[in-house]
Amino acid sequence: MTARFKAGDRVRTRAANPEGHTRLPRYLCDRRGTIETAHDVYPLPDERAKGVSLELCKKEMLYTVVFDGREVWGEQSAEPLSVSADLWDTYLHAEQPT
Amino acid sequence: MNDEHDHDHDHEGHGQSASMASRVAALVAKLEARGILTGAELDAAAESFLTSTQRAMGPALVARAWVDGAFRARLLTDANGALDELGIDMTHWAKVKLRAVENTDRVHNVIVCTLCSCYPVALLGPSPSWYKSLAYRSRVVREPRAVLAEFGVELDPSIDLRVWDSTADLRYVVIPRRPEGTNGAGEAELAALVTRDALIGTAVCRV
């Protein structure tokens, strides 16, 4: 499987509130970030949590995505802060460079 | 969830330990009644978990990185390969990918798992209870400097904070800064300065 994104690409996380399990934290929903590392293909936990077997479940690229503190918490976030999370391809949209 | 996740599923920490204990007891009783496992097997598994993960290899890893620049570089680019060099087995339930992140005079790293309690158990041993607390998990991604101050860590305002939320299959470990005045110290002596909290990023190493 080829990676849809590479390091440095701008992405936006999806705005989603699925009924089942997901590993996209709500505080990082609909936020712009930058791909820091494209790792490898891992089983999608959203499917695994529904009982889909390791063999049959969707496997997707996993990325480390870095977010600026102000993007996550708003402009009043005073301290120089970045937060990163490891996110599956499904959680991400391509974002035009700013 | 994937087998390699280090969950303990104390998800909210609302003081449910009594009900959790009774739920665990009920589950164990069912498993024993159906012949799926015995109490002895359970004891052996718990014993193995606690003893095998108390090797506390994290400090040795950091001490080697402090004295050996080439090793440090390998640790930062391929942590699992560096672990193999030291004979450290990161396998927990499955082989886990580790990433080492380095504190410098410009960046301070902190590790959290906001969704549950993912933690490099095989490297650091069982996680401290505060790591699993809702307070730590919710606050450290939002106001890490204030949280660190409560841990007694006062960082220079010019230092950037980087928080790593372990949301997936990777585990993180912080390589703390080597304290001043440790020139000439041996690896064992240096390793003794490296605390568990320093490897999470909620402490700094001091002489």
# chains A, B, ... in the order shown; residues from 1 in each chain; ligands from 1
$ interface_residues --of "chain A" --to "chain B" --cutoff "7 Å" --atoms "only C-alpha atoms" --output "compact mmCIF listing (two decimals) with N, CA and C atoms, in the first residue's frame"
# COMPACT_ATOMS: atom_id res chain seq x y z
N ARG A 23 -9.86 5.93 17.24
CA ARG A 23 -8.63 6.37 17.91
C ARG A 23 -8.27 7.78 17.46
N PRO A 25 -8.77 11.25 18.76
CA PRO A 25 -9.31 11.92 19.95
C PRO A 25 -10.23 13.07 19.55
N PRO A 45 -8.32 0.32 14.08
CA PRO A 45 -8.96 -0.08 15.35
C PRO A 45 -10.47 0.09 15.35
N ARG A 48 -11.56 -3.19 14.21
CA ARG A 48 -11.18 -4.25 15.15
C ARG A 48 -12.11 -4.24 16.37
N ALA A 49 -12.51 -3.01 16.78
CA ALA A 49 -13.36 -2.89 17.97
C ALA A 49 -14.75 -3.45 17.71
N PRO A 80 4.28 28.15 23.77
CA PRO A 80 4.69 27.44 22.56
C PRO A 80 4.46 25.94 22.78
N LEU A 81 3.52 25.41 22.04
CA LEU A 81 3.12 24.02 22.29
C LEU A 81 2.79 23.34 20.98
N SER A 82 3.26 22.11 20.83
CA SER A 82 2.73 21.29 19.75
C SER A 82 2.30 19.96 20.33
N VAL A 83 1.24 19.44 19.78
CA VAL A 83 0.70 18.15 20.20
C VAL A 83 0.71 17.25 18.98
N SER A 84 1.22 16.04 19.13
CA SER A 84 1.13 15.12 18.01
C SER A 84 0.39 13.88 18.40
N ALA A 85 -0.21 13.25 17.41
CA ALA A 85 -0.94 12.02 17.63
C ALA A 85 -0.68 11.11 16.44
N ASP A 86 -0.86 9.82 16.66
CA ASP A 86 -0.66 8.84 15.60
C ASP A 86 -2.03 8.48 15.04
N LEU A 87 -2.25 8.81 13.77
CA LEU A 87 -3.60 8.76 13.19
C LEU A 87 -3.63 7.94 11.90
$ residues_around --residues "Leu86 of chain B" --least-positions-apart "3" --cutoff "12 Å" --atoms "only C-alpha atoms" --output "PyMOL selection string"
chain B and resi 57-65+71+75+79-83+89-90
$ select_by_dssp --residues "segment 8-86 of chain A" --states "strand (DSSP E or B)" --output "MDAnalysis selection string"
chainID A and resid 10:13 32:43 59:68 81:86
$ write_last_selection --atoms "N, CA and C atoms" --output "compact mmCIF listing (two decimals), in the first residue's frame"
# COMPACT_ATOMS: atom_id res chain seq x y z
N ARG A 10 0.21 18.99 4.50
CA ARG A 10 -0.80 19.56 5.38
C ARG A 10 -2.06 18.70 5.32
N VAL A 11 -2.63 18.44 6.46
CA VAL A 11 -3.86 17.63 6.51
C VAL A 11 -4.86 18.29 7.46
N ARG A 12 -6.11 17.88 7.33
CA ARG A 12 -7.13 18.27 8.29
C ARG A 12 -7.78 16.99 8.79
N THR A 13 -7.93 16.88 10.09
CA THR A 13 -8.58 15.68 10.62
C THR A 13 -10.07 15.76 10.35
N ARG A 32 -6.30 21.33 11.72
CA ARG A 32 -5.25 21.28 10.71
C ARG A 32 -3.92 20.89 11.35
N GLY A 33 -3.23 20.00 10.70
CA GLY A 33 -1.93 19.57 11.20
C GLY A 33 -0.99 19.26 10.05
N THR A 34 0.21 18.80 10.39
CA THR A 34 1.23 18.49 9.41
C THR A 34 1.72 17.07 9.63
N ILE A 35 1.81 16.33 8.52
CA ILE A 35 2.36 14.97 8.62
C ILE A 35 3.82 15.07 9.03
N GLU A 36 4.17 14.38 10.10
CA GLU A 36 5.55 14.38 10.56
C GLU A 36 6.26 13.10 10.13
N THR A 37 5.58 11.99 10.23
CA THR A 37 6.16 10.71 9.82
C THR A 37 5.05 9.83 9.24
N ALA A 38 5.37 9.17 8.13
CA ALA A 38 4.49 8.11 7.61
C ALA A 38 5.09 6.80 8.11
N HIS A 39 4.34 6.07 8.90
CA HIS A 39 4.93 4.89 9.57
C HIS A 39 4.78 3.63 8.73
N ASP A 40 3.67 2.99 8.85
CA ASP A 40 3.50 1.67 8.25
C ASP A 40 2.00 1.39 8.24
N VAL A 41 1.65 0.26 7.72
CA VAL A 41 0.23 -0.13 7.67
C VAL A 41 -0.13 -0.88 8.94
N TYR A 42 -1.21 -0.45 9.58
CA TYR A 42 -1.68 -1.10 10.81
C TYR A 42 -3.17 -1.36 10.69
N PRO A 43 -3.66 -2.39 11.41
CA PRO A 43 -5.10 -2.66 11.40
C PRO A 43 -5.87 -1.46 11.95
N LYS A 59 -6.69 -2.46 6.75
CA LYS A 59 -5.37 -2.02 7.21
C LYS A 59 -5.05 -0.71 6.49
N GLU A 60 -4.53 0.23 7.24
CA GLU A 60 -4.26 1.55 6.66
C GLU A 60 -2.94 2.10 7.16
N MET A 61 -2.43 3.05 6.39
CA MET A 61 -1.22 3.75 6.82
C MET A 61 -1.49 4.52 8.11
N LEU A 62 -0.49 4.50 8.96
CA LEU A 62 -0.54 5.26 10.21
C LEU A 62 0.48 6.39 10.12
N TYR A 63 0.05 7.57 10.51
CA TYR A 63 0.91 8.75 10.43
C TYR A 63 1.03 9.42 11.79
N THR A 64 2.20 9.97 12.08
CA THR A 64 2.30 10.92 13.18
C THR A 64 1.97 12.30 12.62
N VAL A 65 0.97 12.94 13.20
CA VAL A 65 0.53 14.26 12.75
C VAL A 65 0.76 15.26 13.87
N VAL A 66 1.40 16.39 13.52
CA VAL A 66 1.72 17.41 14.52
C VAL A 66 0.74 18.57 14.39
N PHE A 67 0.24 19.03 15.53
CA PHE A 67 -0.70 20.15 15.58
C PHE A 67 -0.12 21.26 16.43
N ASP A 68 -0.32 22.49 15.99
CA ASP A 68 0.09 23.63 16.80
C ASP A 68 -0.93 23.82 17.93
N LEU A 81 3.52 25.41 22.04
CA LEU A 81 3.12 24.02 22.29
C LEU A 81 2.79 23.34 20.98
N SER A 82 3.26 22.11 20.83
CA SER A 82 2.73 21.29 19.75
C SER A 82 2.30 19.96 20.33
N VAL A 83 1.24 19.44 19.78
CA VAL A 83 0.70 18.15 20.20
C VAL A 83 0.71 17.25 18.98
N SER A 84 1.22 16.04 19.13
CA SER A 84 1.13 15.12 18.01
C SER A 84 0.39 13.88 18.40
N ALA A 85 -0.21 13.25 17.41
CA ALA A 85 -0.94 12.02 17.63
C ALA A 85 -0.68 11.11 16.44
N ASP A 86 -0.86 9.82 16.66
CA ASP A 86 -0.66 8.84 15.60
C ASP A 86 -2.03 8.48 15.04
$ atom_distance --atom1 "atom CA of Ala45 of chain B" --atom2 "atom CA of Tyr131 of chain B"
23.1 Å
$ atom_distance --atom1 "atom CA of Met20 of chain B" --atom2 "atom CA of Pro128 of chain B"
18.0 Å
$ closest_residue --among "B:Ala188, B:Arg139, B:Pro126, B:Asp105" --to "Pro176 of chain B" --atoms "only C-alpha atoms"
B:Asp105
$ atom_distance --atom1 "atom CA of Val101 of chain B" --atom2 "atom CA of Leu76 of chain B"
6.6 Å
$ select_by_dssp --residues "segment 13-56 of chain A" --states "alpha helix (DSSP H)" --output "list in words"
Pro45, Asp46, Glu47 and Arg48 of chain A
$ closest_residue --among "A:His93, A:Arg70, A:Thr2, A:Val52" --to "Ala15 of chain A" --atoms "only C-alpha atoms"
A:His93
$ residues_around --residues "Pro179 of chain B" --least-positions-apart "2" --cutoff "7 Å" --atoms "only C-alpha atoms" --output "MDAnalysis selection string"
chainID B and resid 177 181:182 205:207
$ decode --residues "segment 31-77 of chain B" --atoms "N, CA and C atoms" --output "PDB file, in the first residue's frame"
ATOM      1  N   LEU B  31     -14.312 -17.706  33.939  1.00  0.00           N
ATOM      2  CA  LEU B  31     -13.254 -18.338  33.149  1.00  0.00           C
ATOM      3  C   LEU B  31     -12.802 -19.636  33.800  1.00  0.00           C
ATOM      4  N   GLU B  32     -12.721 -19.620  35.129  1.00  0.00           N
ATOM      5  CA  GLU B  32     -12.320 -20.843  35.836  1.00  0.00           C
ATOM      6  C   GLU B  32     -13.405 -21.905  35.708  1.00  0.00           C
ATOM      7  N   ALA B  33     -14.668 -21.492  35.848  1.00  0.00           N
ATOM      8  CA  ALA B  33     -15.780 -22.447  35.791  1.00  0.00           C
ATOM      9  C   ALA B  33     -15.846 -23.130  34.430  1.00  0.00           C
ATOM     10  N   ARG B  34     -15.474 -22.390  33.399  1.00  0.00           N
ATOM     11  CA  ARG B  34     -15.535 -22.974  32.054  1.00  0.00           C
ATOM     12  C   ARG B  34     -14.233 -23.665  31.663  1.00  0.00           C
ATOM     13  N   GLY B  35     -13.283 -23.681  32.581  1.00  0.00           N
ATOM     14  CA  GLY B  35     -12.030 -24.382  32.305  1.00  0.00           C
ATOM     15  C   GLY B  35     -11.138 -23.657  31.325  1.00  0.00           C
ATOM     16  N   ILE B  36     -11.349 -22.348  31.150  1.00  0.00           N
ATOM     17  CA  ILE B  36     -10.534 -21.581  30.206  1.00  0.00           C
ATOM     18  C   ILE B  36      -9.191 -21.227  30.826  1.00  0.00           C
ATOM     19  N   LEU B  37      -9.190 -20.914  32.091  1.00  0.00           N
ATOM     20  CA  LEU B  37      -7.918 -20.746  32.787  1.00  0.00           C
ATOM     21  C   LEU B  37      -8.085 -21.105  34.253  1.00  0.00           C
ATOM     22  N   THR B  38      -6.923 -21.360  34.889  1.00  0.00           N
ATOM     23  CA  THR B  38      -6.950 -21.684  36.315  1.00  0.00           C
ATOM     24  C   THR B  38      -6.382 -20.517  37.097  1.00  0.00           C
ATOM     25  N   GLY B  39      -6.682 -20.489  38.379  1.00  0.00           N
ATOM     26  CA  GLY B  39      -6.147 -19.442  39.248  1.00  0.00           C
ATOM     27  C   GLY B  39      -4.630 -19.437  39.224  1.00  0.00           C
ATOM     28  N   ALA B  40      -4.041 -20.626  39.152  1.00  0.00           N
ATOM     29  CA  ALA B  40      -2.582 -20.727  39.139  1.00  0.00           C
ATOM     30  C   ALA B  40      -2.006 -20.090  37.872  1.00  0.00           C
ATOM     31  N   GLU B  41      -2.683 -20.320  36.754  1.00  0.00           N
ATOM     32  CA  GLU B  41      -2.210 -19.718  35.493  1.00  0.00           C
ATOM     33  C   GLU B  41      -2.298 -18.194  35.554  1.00  0.00           C
ATOM     34  N   LEU B  42      -3.368 -17.727  36.163  1.00  0.00           N
ATOM     35  CA  LEU B  42      -3.558 -16.287  36.283  1.00  0.00           C
ATOM     36  C   LEU B  42      -2.463 -15.682  37.164  1.00  0.00           C
ATOM     37  N   ASP B  43      -2.185 -16.342  38.281  1.00  0.00           N
ATOM     38  CA  ASP B  43      -1.124 -15.864  39.176  1.00  0.00           C
ATOM     39  C   ASP B  43       0.217 -15.836  38.451  1.00  0.00           C
ATOM     40  N   ALA B  44       0.483 -16.886  37.675  1.00  0.00           N
ATOM     41  CA  ALA B  44       1.758 -16.963  36.958  1.00  0.00           C
ATOM     42  C   ALA B  44       1.867 -15.834  35.934  1.00  0.00           C
ATOM     43  N   ALA B  45       0.751 -15.538  35.257  1.00  0.00           N
ATOM     44  CA  ALA B  45       0.762 -14.471  34.255  1.00  0.00           C
ATOM     45  C   ALA B  45       1.007 -13.116  34.914  1.00  0.00           C
ATOM     46  N   ALA B  46       0.354 -12.886  36.050  1.00  0.00           N
ATOM     47  CA  ALA B  46       0.525 -11.612  36.756  1.00  0.00           C
ATOM     48  C   ALA B  46       1.955 -11.473  37.261  1.00  0.00           C
ATOM     49  N   GLU B  47       2.487 -12.568  37.783  1.00  0.00           N
ATOM     50  CA  GLU B  47       3.856 -12.574  38.292  1.00  0.00           C
ATOM     51  C   GLU B  47       4.841 -12.256  37.161  1.00  0.00           C
ATOM     52  N   SER B  48       4.636 -12.916  36.029  1.00  0.00           N
ATOM     53  CA  SER B  48       5.514 -12.714  34.881  1.00  0.00           C
ATOM     54  C   SER B  48       5.426 -11.271  34.396  1.00  0.00           C
ATOM     55  N   PHE B  49       4.222 -10.726  34.371  1.00  0.00           N
ATOM     56  CA  PHE B  49       4.011  -9.349  33.937  1.00  0.00           C
ATOM     57  C   PHE B  49       4.786  -8.393  34.838  1.00  0.00           C
ATOM     58  N   LEU B  50       4.654  -8.586  36.125  1.00  0.00           N
ATOM     59  CA  LEU B  50       5.289  -7.645  37.050  1.00  0.00           C
ATOM     60  C   LEU B  50       6.805  -7.795  37.074  1.00  0.00           C
ATOM     61  N   THR B  51       7.295  -9.025  37.082  1.00  0.00           N
ATOM     62  CA  THR B  51       8.744  -9.192  37.188  1.00  0.00           C
ATOM     63  C   THR B  51       9.435  -8.879  35.866  1.00  0.00           C
ATOM     64  N   SER B  52       8.835  -9.326  34.739  1.00  0.00           N
ATOM     65  CA  SER B  52       9.533  -9.118  33.473  1.00  0.00           C
ATOM     66  C   SER B  52       9.546  -7.646  33.089  1.00  0.00           C
ATOM     67  N   THR B  53       8.562  -6.890  33.567  1.00  0.00           N
ATOM     68  CA  THR B  53       8.532  -5.490  33.175  1.00  0.00           C
ATOM     69  C   THR B  53       9.236  -4.602  34.188  1.00  0.00           C
ATOM     70  N   GLN B  54       9.702  -5.191  35.281  1.00  0.00           N
ATOM     71  CA  GLN B  54      10.419  -4.379  36.257  1.00  0.00           C
ATOM     72  C   GLN B  54      11.923  -4.360  35.984  1.00  0.00           C
ATOM     73  N   ARG B  55      12.282  -4.759  34.782  1.00  0.00           N
ATOM     74  CA  ARG B  55      13.707  -4.715  34.439  1.00  0.00           C
ATOM     75  C   ARG B  55      14.186  -3.282  34.360  1.00  0.00           C
ATOM     76  N   ALA B  56      13.227  -2.379  34.131  1.00  0.00           N
ATOM     77  CA  ALA B  56      13.558  -0.957  34.115  1.00  0.00           C
ATOM     78  C   ALA B  56      14.779  -0.683  33.249  1.00  0.00           C
ATOM     79  N   MET B  57      14.661  -1.049  31.995  1.00  0.00           N
ATOM     80  CA  MET B  57      15.791  -0.870  31.096  1.00  0.00           C
ATOM     81  C   MET B  57      15.890   0.553  30.555  1.00  0.00           C
ATOM     82  N   GLY B  58      14.880   1.353  30.767  1.00  0.00           N
ATOM     83  CA  GLY B  58      14.888   2.719  30.269  1.00  0.00           C
ATOM     84  C   GLY B  58      16.123   3.501  30.684  1.00  0.00           C
ATOM     85  N   PRO B  59      16.470   3.490  31.990  1.00  0.00           N
ATOM     86  CA  PRO B  59      17.659   4.239  32.423  1.00  0.00           C
ATOM     87  C   PRO B  59      18.947   3.786  31.738  1.00  0.00           C
ATOM     88  N   ALA B  60      19.093   2.484  31.527  1.00  0.00           N
ATOM     89  CA  ALA B  60      20.299   1.983  30.857  1.00  0.00           C
ATOM     90  C   ALA B  60      20.360   2.488  29.415  1.00  0.00           C
ATOM     91  N   LEU B  61      19.181   2.532  28.805  1.00  0.00           N
ATOM     92  CA  LEU B  61      19.090   3.021  27.430  1.00  0.00           C
ATOM     93  C   LEU B  61      19.553   4.479  27.339  1.00  0.00           C
ATOM     94  N   VAL B  62      19.073   5.288  28.278  1.00  0.00           N
ATOM     95  CA  VAL B  62      19.424   6.710  28.281  1.00  0.00           C
ATOM     96  C   VAL B  62      20.913   6.902  28.582  1.00  0.00           C
ATOM     97  N   ALA B  63      21.414   6.160  29.556  1.00  0.00           N
ATOM     98  CA  ALA B  63      22.829   6.299  29.919  1.00  0.00           C
ATOM     99  C   ALA B  63      23.725   5.981  28.724  1.00  0.00           C
ATOM    100  N   ARG B  64      23.373   4.953  27.974  1.00  0.00           N
ATOM    101  CA  ARG B  64      24.169   4.616  26.796  1.00  0.00           C
ATOM    102  C   ARG B  64      24.094   5.750  25.763  1.00  0.00           C
ATOM    103  N   ALA B  65      22.893   6.302  25.600  1.00  0.00           N
ATOM    104  CA  ALA B  65      22.735   7.403  24.635  1.00  0.00           C
ATOM    105  C   ALA B  65      23.553   8.622  25.063  1.00  0.00           C
ATOM    106  N   TRP B  66      23.686   8.847  26.372  1.00  0.00           N
ATOM    107  CA  TRP B  66      24.445  10.005  26.863  1.00  0.00           C
ATOM    108  C   TRP B  66      25.951   9.853  26.610  1.00  0.00           C
ATOM    109  N   VAL B  67      26.445   8.626  26.672  1.00  0.00           N
ATOM    110  CA  VAL B  67      27.895   8.448  26.537  1.00  0.00           C
ATOM    111  C   VAL B  67      28.321   8.102  25.107  1.00  0.00           C
ATOM    112  N   ASP B  68      27.367   7.701  24.283  1.00  0.00           N
ATOM    113  CA  ASP B  68      27.718   7.193  22.955  1.00  0.00           C
ATOM    114  C   ASP B  68      26.851   7.905  21.909  1.00  0.00           C
ATOM    115  N   GLY B  69      27.436   8.919  21.272  1.00  0.00           N
ATOM    116  CA  GLY B  69      26.679   9.748  20.330  1.00  0.00           C
ATOM    117  C   GLY B  69      26.141   8.972  19.144  1.00  0.00           C
ATOM    118  N   ALA B  70      26.904   7.983  18.676  1.00  0.00           N
ATOM    119  CA  ALA B  70      26.440   7.193  17.532  1.00  0.00           C
ATOM    120  C   ALA B  70      25.240   6.347  17.938  1.00  0.00           C
ATOM    121  N   PHE B  71      25.281   5.805  19.158  1.00  0.00           N
ATOM    122  CA  PHE B  71      24.147   5.028  19.657  1.00  0.00           C
ATOM    123  C   PHE B  71      22.924   5.928  19.798  1.00  0.00           C
ATOM    124  N   ARG B  72      23.157   7.138  20.318  1.00  0.00           N
ATOM    125  CA  ARG B  72      22.076   8.107  20.494  1.00  0.00           C
ATOM    126  C   ARG B  72      21.380   8.393  19.150  1.00  0.00           C
ATOM    127  N   ALA B  73      22.206   8.574  18.110  1.00  0.00           N
ATOM    128  CA  ALA B  73      21.649   8.847  16.786  1.00  0.00           C
ATOM    129  C   ALA B  73      20.813   7.664  16.296  1.00  0.00           C
ATOM    130  N   ARG B  74      21.308   6.455  16.541  1.00  0.00           N
ATOM    131  CA  ARG B  74      20.536   5.270  16.119  1.00  0.00           C
ATOM    132  C   ARG B  74      19.245   5.144  16.918  1.00  0.00           C
ATOM    133  N   LEU B  75      19.333   5.471  18.201  1.00  0.00           N
ATOM    134  CA  LEU B  75      18.148   5.390  19.064  1.00  0.00           C
ATOM    135  C   LEU B  75      17.047   6.324  18.562  1.00  0.00           C
ATOM    136  N   LEU B  76      17.453   7.509  18.096  1.00  0.00           N
ATOM    137  CA  LEU B  76      16.474   8.497  17.653  1.00  0.00           C
ATOM    138  C   LEU B  76      15.875   8.159  16.289  1.00  0.00           C
ATOM    139  N   THR B  77      16.616   7.411  15.474  1.00  0.00           N
ATOM    140  CA  THR B  77      16.094   7.088  14.143  1.00  0.00           C
ATOM    141  C   THR B  77      15.475   5.696  14.085  1.00  0.00           C
TER     142      THR B  77
END
